[in-house]
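Undergrad: Before I ask anything, here is the structure I am working with.
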Amino acid sequence: MDINFFGQMFNHQNNLKLTDDFLSEHPDLNTKIGDLNWAYNEIGGVIPQYIGKYGSGHYFPYMESKFEIDCSFQLVRLSFYKHAFISLRNAFELGLLTIYWDRNDDSEILIEDWYKSKEDTPFKKQIIKGLSSIDNVQEFCKHYDLIERIVNIYGDLSDFNHTKGHTFSANKLNQANFTRFNDCALQEWIKHFEKVIQLLLTIHILKYPVAIQYTPMEQKFGINTPFGTFLDIEQSENIKSVLDPNELIILQQISDNDENAKSLASWVNSHPNISDKDFKKQLDDFDESMKQMNSNNNNK
C-alpha cells in the first residue's frame, strides 16, 4: 500500500486530536456547538406530520440539512475547513427549503417534483422571495433585518463553495497546501455555525410559532405524544436558550399574537394531565413491544 496513505491517515488523526484537545481546553466553545446542534435537532419536531403530509417528502430537506450539519462538524474536526463551510452552506440552504416549500402550508404538493429529482433546486432569489411572503417573517423584519442576514450568510458560505479567491480557499484556511489544524479557521467556522443555526431556528419559529408556546406534551400525553407540530417544554427551552434574548422577545410576541399558535397550544392545555397509572401502562406497553421486536429479530 502507498506509504503516503499511512502518512495522510496519521495527519488526519493528528488533526482530529488537536481539534478535540482545543475544544476540551475551550469548554465554552464546545458547549456552544453542542447546544446549537441540539437546538436544531429539537426544532425538527415542530414540522407538521399529519396524514396529508406524511410520506410526501416534505420532511426530507430538514433531514438532509441535519445530515449536512453532522458532516460539517466532522469535516471541521479533521481540519477540512473549506469543505466544512461547504457542508454548512448545504445545511443552511436545505433548512431554508424546508420552510420555503411549506410557506403556504402545502409542501406535500409543492415539493413533489423536486423531491423526485424532476425539478431543479430553487435559486437563492426564489427561496428568499418565498420566505419573505410569510406574514410572521414580514412582522419580524420590522424589528430585525432577518432577510438581509439570511442573504449575507448565504453569500458568505457560497463564496467557499465557489472558492472566491484565496480568502475562501483551503490554502488560506489551513495556512498550508495540506490539511493542518488552525484554531482561527475552527473559530471562524463556529461563528458561521452559530449564525446558521440561529437563522434556521428563527425562520422555523416564524413559520411554526407554536414552537415557543407552552405545550407540556409529556405531562398531557405521556410518551404517546402527537407526532409533529408540537414541542415539549424542555425542547422549546433548549431552542430559546441559543437565540438572541432581544430577538426572542419579538419572536415570543409574534407567537403570542398568532391565532393558530394560540389555538394549538390551547388544544394541548385543554387535555387533563395523564394519570400515573396510565403513564405506567404506556411504559409497560412500550417495554413489551420492544421485547417482542427483539424476539422477532432474533428469530429471523
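Simple scheme: letters A, B, ... for chains in C-alpha cells order, numbers from 1 for residues in each chain, numbers from 1 for ligands in the order shown.
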Just want the 7 Å neighbourhood of Asn15 (chain A), counted on only C-alpha atoms, with same-chain residues fewer than 6 positions away dropped. Output as a list in words.

TA: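 With the cut-off at 7 Å, the set is Leu78, Ser79, Arg180 and Phe181 of chain A.
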
Undergrad: How would the residues just picked look written out with C-alpha atoms as an mmCIF file, in the first residue's frame?

TA:
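And here's selection-v7.cif as it stands now:
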```cif
data_model
loop_
_atom_site.group_PDB
_atom_site.id
_atom_site.type_symbol
_atom_site.label_atom_id
_atom_site.label_comp_id
_atom_site.auth_asym_id
_atom_site.auth_seq_id
_atom_site.Cartn_x
_atom_site.Cartn_y
_atom_site.Cartn_z
ATOM 1 C CA LEU A 78 -10.429 16.761 10.643
ATOM 2 C CA SER A 79 -9.336 20.278 9.576
ATOM 3 C CA ARG A 180 -3.492 21.294 9.024
ATOM 4 C CA PHE A 181 -5.144 22.305 12.285
#
```

Undergrad: If you run DSSP on this backbone, which residues of region 143-235 of chain A come out as helix (DSSP H, G or I), and could you give them as a ChimeraX atom specification?

TA: /A:146-161,166-168,170-174,183-207,209-212,217-221,233-235

Undergrad: Produce a table with one row for each residue of region 103-161 of chain A that has an atom at most 8 Å from any atom of region 193-214 of chain A, each row naming the nearest atom pair and its distance in Å at one decimal; use only C-alpha atoms; arrange rows by chain and rising residue number; format as a Markdown table.

TA:
```
| residue | atom | partner | partner_atom | distance |
| --- | --- | --- | --- | --- |
| A:Arg103 | CA | A:Lys207 | CA | 7.3 |
| A:Ile134 | CA | A:Lys207 | CA | 7.2 |
| A:Asn136 | CA | A:Leu206 | CA | 5.4 |
| A:Val137 | CA | A:Leu206 | CA | 6.0 |
| A:Leu146 | CA | A:Leu199 | CA | 7.7 |
| A:Ile150 | CA | A:Leu199 | CA | 7.0 |
| A:Ile153 | CA | A:Val196 | CA | 7.4 |
```

Undergrad: Between CA of Leu16 (chain A) and CA of Ser87 (chain A), what is the distance, to one decimal in Å?

TA: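 One can read the CA of Leu16 (chain A) to CA of Ser87 (chain A) distance as 18.0 Å.
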
Undergrad: If we count only C-alpha atoms and set the cut-off at 8 Å, which residues sit around Thr98 (chain A), ignoring sequence neighbours fewer than 5 positions away in its own chain? Please answer as a list in words.

TA: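 Contacts, with the query itself left out: His58, Tyr59, Phe60, Pro61 and Tyr62 of chain A.
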
Undergrad: Let me make sure I understand: among A:Asp244, A:Glu237, A:Asp102, A:Asp258, which one has the smallest atom-to-atom distance to Glu139 (chain A) if we use only C-alpha atoms?

TA: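 Among the listed residues, A:Asp258 lies closest to Glu139 (chain A).
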
Undergrad: For Asp70 (chain A), work out the shell of residues within 12 Å, counting only C-alpha atoms and skipping chain neighbours fewer than 2 positions away, then give it as a VMD selection string.

TA: chain A and resid 33 to 34 36 to 38 40 to 41 63 to 68 72 to 77 84 to 85 87 to 88 90 to 91 193

Undergrad: Near Phe140 (chain A), counting only C-alpha atoms, which residues have an atom at most 9 Å away, once you skip same-chain residues fewer than 2 positions from it, shown as a list of chain:residue names?

TA: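 Returned residues: A:Asp135, A:Asn136, A:Val137, A:Gln138, A:Lys142, A:His143, A:Tyr144, A:Asp145, A:Leu146, A:Leu206, A:Glu247, A:Ile250, A:Leu251, A:Ile254.
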
Undergrad: Would you please work out which residue, of A:Asp159, A:Leu94, A:Lys164, A:Phe227, is nearest to Tyr54 (chain A) when using only C-alpha atoms?

TA: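 Closest candidate: A:Phe227.
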
Undergrad: Rank A:Ile128, A:Glu108, A:Asp276, A:Asn152 by their smallest atom-to-atom distance to Tyr50 (chain A), using only C-alpha atoms, and report the top residue only.

TA: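 Of the candidates, the smallest distance to Tyr50 (chain A) is held by A:Glu108.
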
Undergrad: Neighbours of Glu42 (chain A) within 9 Å (only C-alpha atoms; same-chain residues fewer than 4 positions away dropped), as JSON, numbers by chain?

TA: {"A": [37, 38, 46, 231, 235, 236, 238, 239]}

Undergrad: Please provide as a PyMOL selection string all residues within 8 Å of Asn273 (chain A), with the sequence filter that same-chain residues fewer than 5 positions apart are discarded (counting only C-alpha atoms).

TA: chain A and resi 219-221

Undergrad: For the selection you just gave me, I'd like the residues written to a file as a PDB file, in the first residue's frame, keeping C-alpha atoms.

TA:
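This went into selection-v4.pdb:
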```pdb
ATOM      1  CA  GLN A 219     -47.459  15.963  31.141  1.00  0.00           C
ATOM      2  CA  LYS A 220     -50.587  15.684  28.990  1.00  0.00           C
ATOM      3  CA  PHE A 221     -49.896  12.662  26.796  1.00  0.00           C
TER       4      PHE A 221
END
```

Undergrad: Looking at only C-alpha atoms, which of A:Leu97, A:Gln49, A:Phe80, A:Thr121 is the one that sits closest to Gly228 (chain A)?

TA: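 Among the listed residues, A:Gln49 lies closest to Gly228 (chain A).
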
Undergrad: Would you mind telling me which residue in A:Lys281, A:Asp287, A:Thr215, A:Asp120 lies nearest to Ser263 (chain A) when using only C-alpha atoms?

TA: A:Thr215

Undergrad: Mind pulling up the distance from CA of Glu93 (chain A) to CA of Leu157 (chain A)?

TA: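 CA of Leu157 (chain A) sits 10.1 Å away from CA of Glu93 (chain A).
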